[in-house]
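> Please find model-v1.tsv (TSV, C-alpha atoms and all ligand atoms) on the next line:
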chain	number	residue	atom	x	y	z
P	1	MET	CA	-12.25	4.13	21.51
P	2	ASN	CA	-12.91	7.27	19.56
P	3	VAL	CA	-16.18	6.83	17.69
P	4	VAL	CA	-17.27	8.98	14.74
P	5	HIS	CA	-19.82	8.74	11.93
P	6	ALA	CA	-18.54	6.57	9.11
P	7	ALA	CA	-18.58	7.72	5.50
P	8	TYR	CA	-20.24	5.83	2.64
P	9	ALA	CA	-23.22	4.50	4.54
P	10	GLU	CA	-26.28	3.57	2.52
P	11	LYS	CA	-29.55	2.77	4.21
P	12	VAL	CA	-31.54	-0.07	2.61
P	13	ASN	CA	-34.70	-0.64	4.67
P	14	ASP	CA	-33.44	-1.55	8.16
P	15	VAL	CA	-29.98	-2.52	6.93
P	16	ILE	CA	-26.96	-0.23	6.56
P	17	VAL	CA	-24.71	-1.08	3.64
P	18	CYS	CA	-21.15	0.19	3.98
P	19	ARG	CA	-19.95	1.26	0.52
P	20	LEU	CA	-16.37	2.10	1.48
P	21	CYS	CA	-14.87	-1.10	0.10
P	22	PRO	CA	-15.96	-3.89	-2.24
P	23	ALA	CA	-16.96	-6.08	0.69
P	24	ASN	CA	-20.08	-3.84	0.76
P	25	CYS	CA	-20.98	-5.20	4.21
P	26	ARG	CA	-24.73	-5.33	4.91
P	27	LEU	CA	-25.04	-4.51	8.57
P	28	THR	CA	-28.18	-5.08	10.61
P	29	GLU	CA	-28.51	-3.45	14.04
P	30	GLY	CA	-25.41	-4.12	16.19
P	31	LYS	CA	-23.47	-5.89	13.44
P	32	VAL	CA	-19.80	-5.11	12.74
P	33	GLY	CA	-18.21	-5.16	9.26
P	34	ILE	CA	-15.43	-7.47	8.12
P	35	CYS	CA	-12.83	-4.80	8.96
P	36	GLY	CA	-13.87	-4.93	12.62
P	37	CYS	CA	-14.24	-1.18	13.07
P	38	ARG	CA	-17.42	-0.06	11.25
P	39	TYR	CA	-20.76	-1.02	12.73
P	40	ASN	CA	-24.46	-0.29	12.76
P	41	GLU	CA	-25.64	1.34	15.97
P	42	ASN	CA	-29.23	2.53	16.13
P	43	GLY	CA	-29.41	2.68	12.34
P	44	THR	CA	-26.23	4.76	11.98
P	45	LEU	CA	-22.90	3.60	10.55
P	46	LEU	CA	-20.14	4.37	13.01
P	47	THR	CA	-16.42	3.68	13.10
P	48	ASN	CA	-14.46	3.25	16.31
P	49	ASN	CA	-10.95	3.73	14.96
P	50	TYR	CA	-10.72	7.50	14.37
P	51	GLY	CA	-7.21	8.56	15.44
P	52	GLU	CA	-6.70	5.26	17.29
P	53	VAL	CA	-3.05	4.66	16.49
P	54	VAL	CA	-1.67	1.19	17.03
P	55	THR	CA	1.87	2.02	16.01
P	56	LEU	CA	3.96	5.09	15.24
P	57	ALA	CA	7.55	4.88	13.95
P	58	VAL	CA	10.00	6.75	11.76
P	59	ASP	CA	11.11	4.53	8.87
P	60	PRO	CA	13.24	4.94	5.77
P	61	ILE	CA	10.75	5.59	2.96
P	62	GLU	CA	12.37	2.65	1.11
P	63	LYS	CA	10.86	0.37	3.75
P	64	LYS	CA	7.28	1.10	2.63
P	65	PRO	CA	8.50	0.24	-0.10
P	66	LEU	CA	8.67	3.46	-2.11
P	67	TYR	CA	11.89	3.77	-4.11
P	68	HIS	CA	11.06	6.70	-6.39
P	69	PHE	CA	9.41	9.06	-3.93
P	70	TYR	CA	11.90	11.16	-1.95
P	71	PRO	CA	14.60	8.44	-1.98
P	72	GLY	CA	16.80	8.39	1.11
P	73	ARG	CA	14.34	10.33	3.27
P	74	GLU	CA	12.50	9.13	6.36
P	75	ILE	CA	8.77	9.06	6.88
P	76	LEU	CA	6.64	8.96	9.99
P	77	SER	CA	4.64	5.76	9.66
P	78	THR	CA	1.44	4.89	11.44
P	79	GLY	CA	-1.27	2.26	11.36
P	80	VAL	CA	-4.64	1.25	12.72
P	81	ASN	CA	-6.07	-2.01	13.99
P	82	GLY	CA	-7.89	-4.06	11.36
P	83	CYS	CA	-8.09	-4.79	7.65
P	84	ASN	CA	-10.82	-5.36	5.09
P	85	LEU	CA	-9.02	-8.46	3.77
P	86	LYS	CA	-8.11	-11.61	5.68
P	87	CYS	CA	-4.88	-12.84	4.12
P	88	ILE	CA	-3.80	-16.12	5.64
P	89	ASN	CA	-0.16	-15.06	5.19
P	90	CYS	CA	-0.50	-11.62	6.80
P	91	GLN	CA	2.81	-10.61	8.38
P	92	ASN	CA	1.04	-8.06	10.58
P	93	TRP	CA	-1.81	-10.35	11.59
P	94	SER	CA	-1.50	-9.39	15.27
P	95	ILE	CA	-2.78	-5.91	14.40
P	96	SER	CA	-4.68	-6.60	11.15
P	97	GLN	CA	-6.72	-9.58	12.36
P	98	GLU	CA	-6.57	-9.02	16.11
P	99	LYS	CA	-6.77	-5.94	18.26
P	100	ALA	CA	-3.69	-4.43	19.85
P	101	PRO	CA	-3.73	-1.52	22.33
P	102	THR	CA	-4.09	1.92	20.75
P	103	ARG	CA	-3.63	5.53	21.76
P	104	TYR	CA	-5.55	8.50	20.46
P	105	VAL	CA	-3.55	10.90	18.28
P	106	THR	CA	-5.37	13.92	16.85
P	107	PRO	CA	-4.64	14.94	13.24
P	108	GLU	CA	-2.89	18.05	14.59
P	109	GLN	CA	-0.67	15.92	16.86
P	110	LEU	CA	0.21	13.60	13.98
P	111	VAL	CA	1.26	16.50	11.77
P	112	ALA	CA	3.26	18.05	14.63
P	113	ALA	CA	5.09	14.75	15.11
P	114	ALA	CA	5.91	14.56	11.39
P	115	ILE	CA	7.35	18.07	11.52
P	116	GLU	CA	9.31	17.29	14.69
P	117	TYR	CA	10.94	14.24	13.08
P	118	ASP	CA	11.75	16.14	9.88
P	119	SER	CA	9.69	13.57	8.02
P	120	VAL	CA	8.66	13.75	4.36
P	121	GLY	CA	5.12	13.38	5.65
P	122	VAL	CA	3.06	10.53	7.04
P	123	ALA	CA	2.72	7.01	5.67
P	124	PHE	CA	-0.48	5.22	6.61
P	125	THR	CA	0.68	1.64	6.53
P	126	TYR	CA	1.26	-1.64	8.46
P	127	THR	CA	-2.40	-2.71	8.17
P	128	GLU	CA	-5.02	-1.20	5.84
P	129	PRO	CA	-5.36	2.59	5.62
P	130	ILE	CA	-8.59	2.39	3.61
P	131	ILE	CA	-10.50	1.50	6.76
P	132	TRP	CA	-9.05	4.67	8.35
P	133	PHE	CA	-10.75	6.75	5.69
P	134	GLU	CA	-12.25	9.43	7.97
P	135	TYR	CA	-8.99	10.00	9.86
P	136	ILE	CA	-6.85	10.19	6.71
P	137	MET	CA	-9.28	12.59	5.07
P	138	ASP	CA	-8.81	14.89	8.07
P	139	CYS	CA	-5.01	14.46	8.37
P	140	ALA	CA	-4.08	14.87	4.71
P	141	PRO	CA	-5.15	18.52	4.24
P	142	LEU	CA	-3.25	19.46	7.41
P	143	LEU	CA	-0.16	17.67	6.12
P	144	GLN	CA	-0.50	19.45	2.81
P	145	ARG	CA	-0.79	22.83	4.54
P	146	ALA	CA	2.42	22.03	6.43
P	147	GLY	CA	4.20	21.20	3.16
P	148	LEU	CA	4.23	17.46	3.98
P	149	LYS	CA	3.15	14.41	2.00
P	150	THR	CA	0.46	11.80	2.48
P	151	VAL	CA	1.43	8.24	1.60
P	152	LEU	CA	-0.78	5.16	1.58
P	153	VAL	CA	0.55	1.60	1.61
P	154	THR	CA	-2.56	-0.27	0.70
P	155	ASN	CA	-4.19	-3.41	-0.62
P	156	GLY	CA	-6.18	-1.25	-3.05
P	157	TYR	CA	-9.47	-2.85	-1.96
P	158	ILE	CA	-11.71	0.19	-2.13
P	159	ASN	CA	-14.77	1.31	-4.06
P	160	PRO	CA	-14.33	3.87	-6.87
P	161	GLU	CA	-15.97	6.90	-5.21
P	162	PRO	CA	-14.02	6.84	-1.93
P	163	LEU	CA	-10.90	6.13	-3.99
P	164	ARG	CA	-11.51	9.32	-5.97
P	165	GLU	CA	-11.74	11.26	-2.70
P	166	LEU	CA	-8.59	9.69	-1.29
P	167	MET	CA	-6.61	10.31	-4.48
P	168	GLN	CA	-7.34	14.02	-4.19
P	169	VAL	CA	-5.43	14.22	-0.90
P	170	THR	CA	-2.78	11.54	-1.42
P	171	ASP	CA	0.69	12.10	-2.87
P	172	ALA	CA	1.95	8.53	-3.24
P	173	MET	CA	0.70	4.98	-2.95
P	174	ASN	CA	2.26	1.58	-2.86
P	175	ILE	CA	-0.45	-0.90	-3.79
P	176	ASP	CA	-0.12	-4.60	-3.17
P	177	LEU	CA	-0.95	-6.62	-6.27
P	178	LYS	CA	-1.02	-10.03	-4.69
P	179	ALA	CA	-1.72	-12.12	-7.78
P	180	LEU	CA	-3.52	-11.89	-11.08
P	181	ARG	CA	-5.70	-14.86	-10.16
P	182	PRO	CA	-9.24	-14.21	-8.89
P	183	GLU	CA	-9.11	-17.49	-6.94
P	184	PHE	CA	-6.00	-16.30	-5.08
P	185	TYR	CA	-7.87	-13.27	-3.76
P	186	LYS	CA	-10.88	-15.43	-2.93
P	187	ARG	CA	-9.04	-18.25	-1.18
P	188	ILE	CA	-6.01	-16.54	0.38
P	189	CYS	CA	-7.36	-13.04	1.08
P	190	LYS	CA	-11.15	-13.48	1.22
P	191	GLY	CA	-11.57	-10.74	-1.34
P	192	LYS	CA	-11.82	-10.08	-5.07
P	193	LEU	CA	-9.16	-9.28	-7.65
P	194	GLU	CA	-11.03	-7.00	-10.06
P	195	PRO	CA	-11.58	-4.06	-7.66
P	196	VAL	CA	-7.83	-4.05	-6.91
P	197	LEU	CA	-7.01	-3.94	-10.62
P	198	GLU	CA	-9.49	-1.09	-11.05
P	199	THR	CA	-7.89	0.85	-8.20
P	200	ILE	CA	-4.47	0.42	-9.79
P	201	ARG	CA	-5.80	1.55	-13.18
P	202	GLN	CA	-7.33	4.67	-11.62
P	203	VAL	CA	-4.23	5.59	-9.63
P	204	ALA	CA	-1.97	4.97	-12.64
P	205	GLN	CA	-3.99	7.56	-14.59
P	206	SER	CA	-3.83	10.12	-11.80
P	207	THR	CA	-1.09	12.43	-10.54
P	208	VAL	CA	-0.57	10.24	-7.45
P	209	HIS	CA	2.88	8.61	-7.48
P	210	LEU	CA	2.35	4.85	-7.80
P	211	GLU	CA	4.52	1.84	-6.99
P	212	LEU	CA	3.37	-1.78	-6.86
P	213	THR	CA	4.40	-4.74	-4.73
P	214	ASN	CA	3.96	-8.42	-5.53
P	215	LEU	CA	4.77	-10.98	-2.85
P	216	ILE	CA	5.81	-14.21	-4.56
P	217	ILE	CA	4.52	-17.27	-2.70
P	218	PRO	CA	5.68	-20.74	-3.82
P	219	SER	CA	2.93	-22.82	-5.47
P	220	LEU	CA	0.34	-20.04	-5.09
P	221	ASN	CA	1.43	-17.31	-7.52
P	222	ASP	CA	4.90	-18.29	-8.79
P	223	SER	CA	4.25	-19.86	-12.18
P	224	GLU	CA	5.54	-18.46	-15.47
P	225	LYS	CA	1.94	-17.58	-16.31
P	226	ASP	CA	1.55	-15.68	-13.01
P	227	PHE	CA	4.65	-13.60	-13.70
P	228	GLN	CA	3.73	-12.99	-17.33
P	229	GLU	CA	0.20	-11.83	-16.47
P	230	LEU	CA	1.52	-9.57	-13.72
P	231	VAL	CA	4.08	-7.94	-15.99
P	232	ASP	CA	1.63	-7.63	-18.90
P	233	PHE	CA	-0.89	-5.91	-16.66
P	234	VAL	CA	1.61	-3.44	-15.20
P	235	SER	CA	3.28	-2.67	-18.53
P	236	SER	CA	-0.13	-2.10	-20.14
P	237	LEU	CA	-0.50	0.84	-17.72
P	238	SER	CA	3.05	2.18	-17.93
P	239	ASP	CA	6.56	0.78	-18.12
P	240	MET	CA	7.61	3.50	-15.66
P	241	ILE	CA	5.72	2.09	-12.66
P	242	PRO	CA	8.24	0.68	-10.14
P	243	LEU	CA	7.47	-2.97	-9.38
P	244	HIS	CA	8.74	-4.54	-6.16
P	245	LEU	CA	9.02	-8.33	-6.26
P	246	SER	CA	9.19	-9.64	-2.73
P	247	ALA	CA	10.16	-13.02	-1.37
P	248	TYR	CA	7.61	-14.58	0.99
P	249	HIS	CA	8.49	-16.07	4.38
P	250	PRO	CA	6.06	-18.22	6.38
P	251	ALA	CA	3.65	-16.11	8.43
P	252	TYR	CA	0.35	-16.43	10.28
P	253	LYS	CA	-1.71	-19.39	8.98
P	254	LEU	CA	0.29	-20.08	5.82
P	255	GLN	CA	3.27	-22.32	6.29
P	256	VAL	CA	4.54	-23.13	2.79
P	257	PRO	CA	8.36	-22.81	2.58
P	258	SER	CA	10.04	-19.45	1.87
P	259	THR	CA	10.42	-18.32	-1.74
P	260	PRO	CA	13.71	-19.56	-3.25
P	261	GLN	CA	16.00	-16.86	-4.59
P	262	GLU	CA	15.91	-18.45	-8.08
P	263	THR	CA	12.15	-17.96	-8.28
P	264	VAL	CA	12.41	-14.25	-7.52
P	265	LEU	CA	15.24	-13.92	-10.04
P	266	ARG	CA	13.10	-15.65	-12.68
P	267	ALA	CA	10.31	-13.14	-12.08
P	268	TYR	CA	12.84	-10.28	-12.07
P	269	GLU	CA	14.30	-11.26	-15.46
P	270	LEU	CA	10.86	-11.57	-16.99
P	271	ALA	CA	9.66	-8.25	-15.57
P	272	LYS	CA	12.79	-6.43	-16.76
P	273	GLN	CA	11.88	-7.28	-20.35
P	274	LYS	CA	8.88	-4.95	-20.19
P	275	LEU	CA	9.34	-2.66	-17.19
P	276	ASN	CA	12.00	-0.03	-16.58
P	277	TYR	CA	12.08	-0.28	-12.81
P	278	VAL	CA	11.98	-3.69	-11.12
P	279	PHE	CA	13.28	-4.32	-7.61
P	280	VAL	CA	13.80	-7.36	-5.43
P	281	GLY	CA	12.64	-7.20	-1.83
P	282	ASN	CA	13.12	-9.37	1.29
P	283	LEU	CA	16.33	-10.78	-0.22
P	284	SER	CA	19.73	-9.18	-0.30
P	285	ILE	CA	20.99	-9.47	-3.88
P	286	PRO	CA	23.58	-6.78	-4.73
P	287	GLY	CA	22.40	-4.44	-7.45
P	288	LEU	CA	18.79	-5.59	-7.61
P	289	SER	CA	17.47	-2.83	-5.42
P	290	ASP	CA	19.39	-0.07	-7.24
P	291	THR	CA	17.76	2.25	-9.77
P	292	ARG	CA	19.52	2.54	-13.12
P	293	CYS	CA	18.68	4.85	-15.99
P	294	PRO	CA	16.43	2.98	-18.44
P	295	ARG	CA	18.08	4.79	-21.35
P	296	CYS	CA	21.84	4.80	-20.62
P	297	ASP	CA	22.12	2.40	-17.64
P	298	THR	CA	23.81	4.98	-15.39
P	299	LEU	CA	23.43	4.20	-11.69
P	300	LEU	CA	20.88	6.70	-10.38
P	301	VAL	CA	20.10	5.52	-6.85
P	302	GLU	CA	22.23	3.04	-4.95
P	303	ARG	CA	20.66	1.01	-2.15
P	304	SER	CA	22.22	-1.33	0.35
P	305	GLY	CA	19.86	-2.51	3.04
P	306	TYR	CA	18.12	0.73	4.00
P	307	ILE	CA	21.12	2.88	3.17
P	308	THR	CA	20.24	4.89	0.08
P	309	ARG	CA	22.49	7.18	-1.94
P	310	VAL	CA	21.22	9.30	-4.80
P	311	VAL	CA	24.24	9.32	-7.11
P	312	GLY	CA	23.16	9.92	-10.70
P	313	LEU	CA	20.30	12.38	-10.66
P	314	HIS	CA	20.05	16.04	-11.49
P	315	GLY	CA	16.61	16.88	-10.12
P	316	SER	CA	14.51	14.08	-11.54
P	317	GLN	CA	16.68	13.60	-14.65
P	318	CYS	CA	19.57	11.26	-15.33
P	319	LYS	CA	22.77	13.25	-14.84
P	320	LYS	CA	24.38	11.63	-17.86
P	321	CYS	CA	21.73	11.48	-20.59
P	322	GLY	CA	18.96	13.73	-19.25
P	323	PHE	CA	16.32	10.96	-19.23
P	324	GLU	CA	13.23	12.00	-17.24
P	325	THR	CA	13.18	9.26	-14.60
P	326	GLY	CA	9.91	10.05	-12.82
P	327	ILE	CA	11.72	10.01	-9.48
P	328	ILE	CA	10.24	12.58	-7.11
P	329	ARG	CA	12.68	14.40	-4.79
I	401	LIG	S1	-14.93	-0.88	5.06
I	401	LIG	FE1	-15.38	-2.51	6.55
I	401	LIG	S2	-17.56	-2.38	6.94
I	401	LIG	FE2	-17.14	-1.18	5.10
I	401	LIG	S3	-17.54	-2.60	3.42
I	401	LIG	FE3	-15.35	-2.71	3.85
I	401	LIG	S4	-15.10	-4.37	5.33
I	401	LIG	FE4	-17.27	-3.84	5.28
I	402	LIG	S1	-4.24	-6.86	3.04
I	402	LIG	FE1	-2.28	-6.65	4.07
I	402	LIG	S2	-2.76	-6.08	6.18
I	402	LIG	FE2	-4.63	-6.87	5.24
I	402	LIG	S3	-4.67	-9.00	5.83
I	402	LIG	FE3	-3.73	-8.86	3.79
I	402	LIG	S4	-1.53	-8.74	4.16
I	402	LIG	FE4	-2.57	-8.29	6.12
Mind converting the file's structure to structure tokens?


Amino acid sequence: MNVVHAAYAEKVNDVIVCRLCPANCRLTEGKVGICGCRYNENGTLLTNNYGEVVTLAVDPIEKKPLYHFYPGREILSTGVNGCNLKCINCQNWSISQEKAPTRYVTPEQLVAAAIEYDSVGVAFTYTEPIIWFEYIMDCAPLLQRAGLKTVLVTNGYINPEPLRELMQVTDAMNIDLKALRPEFYKRICKGKLEPVLETIRQVAQSTVHLELTNLIIPSLNDSEKDFQELVDFVSSLSDMIPLHLSAYHPAYKLQVPSTPQETVLRAYELAKQKLNYVFVGNLSIPGLSDTRCPRCDTLLVERSGYITRVVGLHGSQCKKCGFETGIIR
């Protein structure tokens, strides 16, 4: 394990409070935070995950999912053990809630690998990149210097100050918006909704490219009211934010049945009334993962599985009507 000093430590008498995420763990001597990597040793906050890579793979960027950030390109994707939430439906629970073997990869080695694979950059994903704060803050400037991008696929559960720091070095984020219900975050994820909403608001106002994902789980967040609140929130920020609606399949400790296709279609139809870019994930429905021009309906980006073809763009504009699509290439 590669141990370094952890950022955002606040000393309150003989307790260290970690201020990286809204869990604000109060750690007495020897205690470990909820994320399983930050701990108090001799009155100092340390983290044992610096550069400890649990997985490294080259994926289509659409798999993150990011549909409007270098569509059709591949991205080197990596992740760490642990997470600051405890979702009972976590698909990656074997690395987010348990520890898998890791290997140490220096920031320089990570950047070299991204260059070698002709990657857009590096996506910090699979589990929760926020708890890899120190490593990402070291990798991102090196990626930038090499002309590569830093991508975070995140639950958005972070405090405002570290978020500001991360946004300065990040090019794109996909943030999971799991539900608009505080009790969902409390019961299913052991967290809080409001900090996630605040993160999304901050990122939406920044220059960081933002996409959102909502996993639809039967009986937990699939009512008309759930969909309406989700769409109202996103559209209040911008109708240009791509929203990925994903079908749930049983995972980890949650065993409710998979999301029926009709439910996802219901959410899709509702979202399309207010948002320009809505996509369906985890289901193969022809056309519903394509990007069309919001103004003239020209097909801009065609997707089938993870095969992506940019067909209707001139730079970032619609080839036919010149609409500025916001797609980064
Ligand atoms: S990052 Fe970890 S230790 Fe810090 S507050 Fe969040 S869960 Fe607790
Ligand atoms: S936030 Fe993501 S990685 Fe963390 S427990 Fe929930 S689903 Fe798993």

> Give me the residues of chain P that have any atom at most 8 Å from an atom of ligand LIG 401 (chain I); for each, the nearest atom pair and the distance in Å, rounded to one decimal. Use all atoms listed in the file, sort by chain and number, and format it as a Markdown table.


| residue | atom | partner | partner_atom | distance |
| --- | --- | --- | --- | --- |
| P:Val17 | CA | I:LIG401 | S3 | 7.3 |
| P:Cys18 | CA | I:LIG401 | FE2 | 4.4 |
| P:Arg19 | CA | I:LIG401 | S3 | 5.4 |
| P:Leu20 | CA | I:LIG401 | S1 | 4.9 |
| P:Cys21 | CA | I:LIG401 | FE3 | 4.1 |
| P:Pro22 | CA | I:LIG401 | S3 | 6.0 |
| P:Ala23 | CA | I:LIG401 | S3 | 4.5 |
| P:Asn24 | CA | I:LIG401 | S3 | 3.9 |
| P:Cys25 | CA | I:LIG401 | FE4 | 4.1 |
| P:Arg26 | CA | I:LIG401 | FE4 | 7.6 |
| P:Leu27 | CA | I:LIG401 | S2 | 7.9 |
| P:Val32 | CA | I:LIG401 | S2 | 6.8 |
| P:Gly33 | CA | I:LIG401 | S2 | 3.7 |
| P:Ile34 | CA | I:LIG401 | S4 | 4.2 |
| P:Cys35 | CA | I:LIG401 | FE1 | 4.2 |
| P:Gly36 | CA | I:LIG401 | FE1 | 6.7 |
| P:Cys37 | CA | I:LIG401 | FE1 | 6.8 |
| P:Arg38 | CA | I:LIG401 | S2 | 4.9 |
| P:Tyr39 | CA | I:LIG401 | S2 | 6.8 |
| P:Cys83 | CA | I:LIG401 | S4 | 7.4 |
| P:Asn84 | CA | I:LIG401 | S4 | 4.4 |
| P:Leu85 | CA | I:LIG401 | S4 | 7.5 |
| P:Ile130 | CA | I:LIG401 | S1 | 7.3 |
| P:Ile131 | CA | I:LIG401 | S1 | 5.3 |
| P:Ile158 | CA | I:LIG401 | FE3 | 7.6 |

> For the residues in that selection, give me C-alpha atoms as a tab-separated table (two decimals), in the frame of the given file.


chain	number	residue	atom	x	y	z
P	17	VAL	CA	-24.71	-1.08	3.64
P	18	CYS	CA	-21.15	0.19	3.98
P	19	ARG	CA	-19.95	1.26	0.52
P	20	LEU	CA	-16.37	2.10	1.48
P	21	CYS	CA	-14.87	-1.10	0.10
P	22	PRO	CA	-15.96	-3.89	-2.24
P	23	ALA	CA	-16.96	-6.08	0.69
P	24	ASN	CA	-20.08	-3.84	0.76
P	25	CYS	CA	-20.98	-5.20	4.21
P	26	ARG	CA	-24.73	-5.33	4.91
P	27	LEU	CA	-25.04	-4.51	8.57
P	32	VAL	CA	-19.80	-5.11	12.74
P	33	GLY	CA	-18.21	-5.16	9.26
P	34	ILE	CA	-15.43	-7.47	8.12
P	35	CYS	CA	-12.83	-4.80	8.96
P	36	GLY	CA	-13.87	-4.93	12.62
P	37	CYS	CA	-14.24	-1.18	13.07
P	38	ARG	CA	-17.42	-0.06	11.25
P	39	TYR	CA	-20.76	-1.02	12.73
P	83	CYS	CA	-8.09	-4.79	7.65
P	84	ASN	CA	-10.82	-5.36	5.09
P	85	LEU	CA	-9.02	-8.46	3.77
P	130	ILE	CA	-8.59	2.39	3.61
P	131	ILE	CA	-10.50	1.50	6.76
P	158	ILE	CA	-11.71	0.19	-2.13

> May I have the protein, DNA and RNA residues with an atom at most 10 Å from (-11.0, 5.8, 14.9), counting all atoms listed in the file in the file's coordinates, returned as a list of chain:residue names?

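Those within range, by chain then number, are P:Met1, P:Asn2, P:Val3, P:Val4, P:His5, P:Ala6, P:Cys37, P:Arg38, P:Leu46, P:Thr47, P:Asn48, P:Asn49, P:Tyr50, P:Gly51, P:Glu52, P:Val53, P:Val80, P:Asn81, P:Thr102, P:Tyr104, P:Val105, P:Ile131, P:Trp132, P:Phe133, P:Glu134, P:Tyr135.
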
> Go ahead and dump the residues you just picked, C-alpha atoms, as a compact mmCIF listing (two decimals), in the coordinates of the input.


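Result file out.txt:
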# COMPACT_ATOMS: atom_id res chain seq x y z
CA MET P 1 -12.25 4.13 21.51
CA ASN P 2 -12.91 7.27 19.56
CA VAL P 3 -16.18 6.83 17.69
CA VAL P 4 -17.27 8.98 14.74
CA HIS P 5 -19.82 8.74 11.93
CA ALA P 6 -18.54 6.57 9.11
CA CYS P 37 -14.24 -1.18 13.07
CA ARG P 38 -17.42 -0.06 11.25
CA LEU P 46 -20.14 4.37 13.01
CA THR P 47 -16.42 3.68 13.10
CA ASN P 48 -14.46 3.25 16.31
CA ASN P 49 -10.95 3.73 14.96
CA TYR P 50 -10.72 7.50 14.37
CA GLY P 51 -7.21 8.56 15.44
CA GLU P 52 -6.70 5.26 17.29
CA VAL P 53 -3.05 4.66 16.49
CA VAL P 80 -4.64 1.25 12.72
CA ASN P 81 -6.07 -2.01 13.99
CA THR P 102 -4.09 1.92 20.75
CA TYR P 104 -5.55 8.50 20.46
CA VAL P 105 -3.55 10.90 18.28
CA ILE P 131 -10.50 1.50 6.76
CA TRP P 132 -9.05 4.67 8.35
CA PHE P 133 -10.75 6.75 5.69
CA GLU P 134 -12.25 9.43 7.97
CA TYR P 135 -8.99 10.00 9.86

> From the options P:Cys321, P:Val196, P:Leu45, P:Cys293, which residue's atoms come nearest to ligand LIG 402 (chain I), counting only C-alpha atoms and all ligand atoms?

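Closest to ligand LIG 402 (chain I), using only C-alpha atoms and all ligand atoms: P:Val196.
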
> Please provide the set of residues having any atom within 7 Å of Val58 in chain P, restricted to all atoms listed in the file, with same-chain residues fewer than 4 positions apart removed, written as a PyMOL selection string.

chain P and resi 74-77

> Might you pull out every residue within 10 Å of range 219-221 of chain P, with only C-alpha atoms counted and same-chain residues fewer than 4 positions away left off, and present them as number ranges by chain?

P: 178-181, 183-184, 188, 214-215, 225-227, 230, 256-257, 259

> Compute the set of protein, DNA and RNA residues whose minimum atom distance to ligand LIG 402 (chain I) is at most 8 Å, using all atoms listed in the file, and state it as a list in words.

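Here is the list of contacting residues: Gly82, Cys83, Asn84, Leu85, Lys86, Cys87, Ile88, Asn89, Cys90, Gln91, Asn92, Trp93, Ser96, Gln97, Tyr126, Thr127, Glu128, Thr154, Asn155, Asp176 and Cys189 of chain P.
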
> Could you tell me which of P:Pro260, P:Pro242, P:Gly30, P:Gly43 comes closest to Val12 in chain P if we count only C-alpha atoms?

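Distance minimum relative to Val12 in chain P lands on P:Gly43.
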
> Please compute the CA of Ser258 in chain P-CA of Val234 in chain P distance, one decimal, in Å.

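These atoms are spaced 24.9 Å apart.
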
> Quick one: of P:Thr170, P:Ser119, P:Ser223, P:Thr28, who's nearest to Cys139 in chain P, counting only C-alpha atoms?

P:Thr170

> Point out the residue among P:Leu210, P:Asn159, P:Tyr248, P:Gly147 with the least atom-to-atom distance to Tyr8 in chain P, counting all atoms listed in the file.

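Going through P:Leu210, P:Asn159, P:Tyr248, P:Gly147 one by one, the smallest distance to Tyr8 in chain P is for P:Asn159.
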
> Calculate how many Å separate CA of Tyr277 in chain P from CA of Lys192 in chain P, rounding to one decimal.

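Between CA of Tyr277 in chain P and CA of Lys192 in chain P the gap works out to 27.0 Å.
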
> Could you tell me how far CA of Asp171 in chain P lies from CA of Leu152 in chain P, in Å and to one decimal?

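Between CA of Asp171 in chain P and CA of Leu152 in chain P the gap is 8.4 Å.
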
> Counting only C-alpha atoms, what is within 10 Å of range 199-201 of chain P, bar same-chain residues fewer than 2 positions away, as a PyMOL selection string?

chain P and resi 155-160+163-164+173-177+194-197+203-206+210-212+233-234+236-237

> Under the rule of at most 10 Å, produce a per-residue listing of range 25-114 of chain P near range 301-305 of chain P: chain, number, name, the closest pair of atoms, and the distance in Å, as a tab-separated table, using all atoms listed in the file.


residue	atom	partner	partner_atom	distance
P:Glu62	CA	P:Arg303	CA	9.1
P:Lys63	CA	P:Gly305	CA	9.5
P:Tyr67	CA	P:Val301	CA	8.8
P:His68	CA	P:Val301	CA	9.1
P:Pro71	CA	P:Val301	CA	7.9
P:Gly72	CA	P:Arg303	CA	8.9

> Between P:Glu116, P:Lys190, P:Leu283, P:Gly326, single out the one closest to Ser238 in chain P, counting all atoms listed in the file.

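Using all atoms listed in the file, Ser238 in chain P sits closest to P:Gly326.
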
> Between P:Lys253, P:Lys64, P:Arg292, P:Arg73, which residue has the minimum interatomic distance to Val151 in chain P, considering all atoms listed in the file?

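Result for the nearest residue to Val151 in chain P: P:Lys64.
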
> Would you mind putting N, CA and C atoms back on range 13-18 of chain P and writing the result as a compact mmCIF listing (two decimals), in the coordinates of the input?


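Produced file rebuild10.txt, reproduced below:
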# COMPACT_ATOMS: atom_id res chain seq x y z
N ASN P 13 -33.71 -0.21 3.67
CA ASN P 13 -34.70 -0.64 4.67
C ASN P 13 -34.08 -0.55 6.06
N ASP P 14 -34.02 -1.66 6.80
CA ASP P 14 -33.44 -1.55 8.16
C ASP P 14 -31.98 -2.03 8.19
N VAL P 15 -31.37 -2.08 7.01
CA VAL P 15 -29.98 -2.52 6.93
C VAL P 15 -29.12 -1.34 6.49
N ILE P 16 -27.91 -1.24 7.05
CA ILE P 16 -26.96 -0.23 6.56
C ILE P 16 -25.93 -0.96 5.71
N VAL P 17 -25.75 -0.50 4.49
CA VAL P 17 -24.71 -1.08 3.64
C VAL P 17 -23.52 -0.12 3.65
N CYS P 18 -22.36 -0.63 4.02
CA CYS P 18 -21.15 0.19 3.98
C CYS P 18 -20.58 0.09 2.58
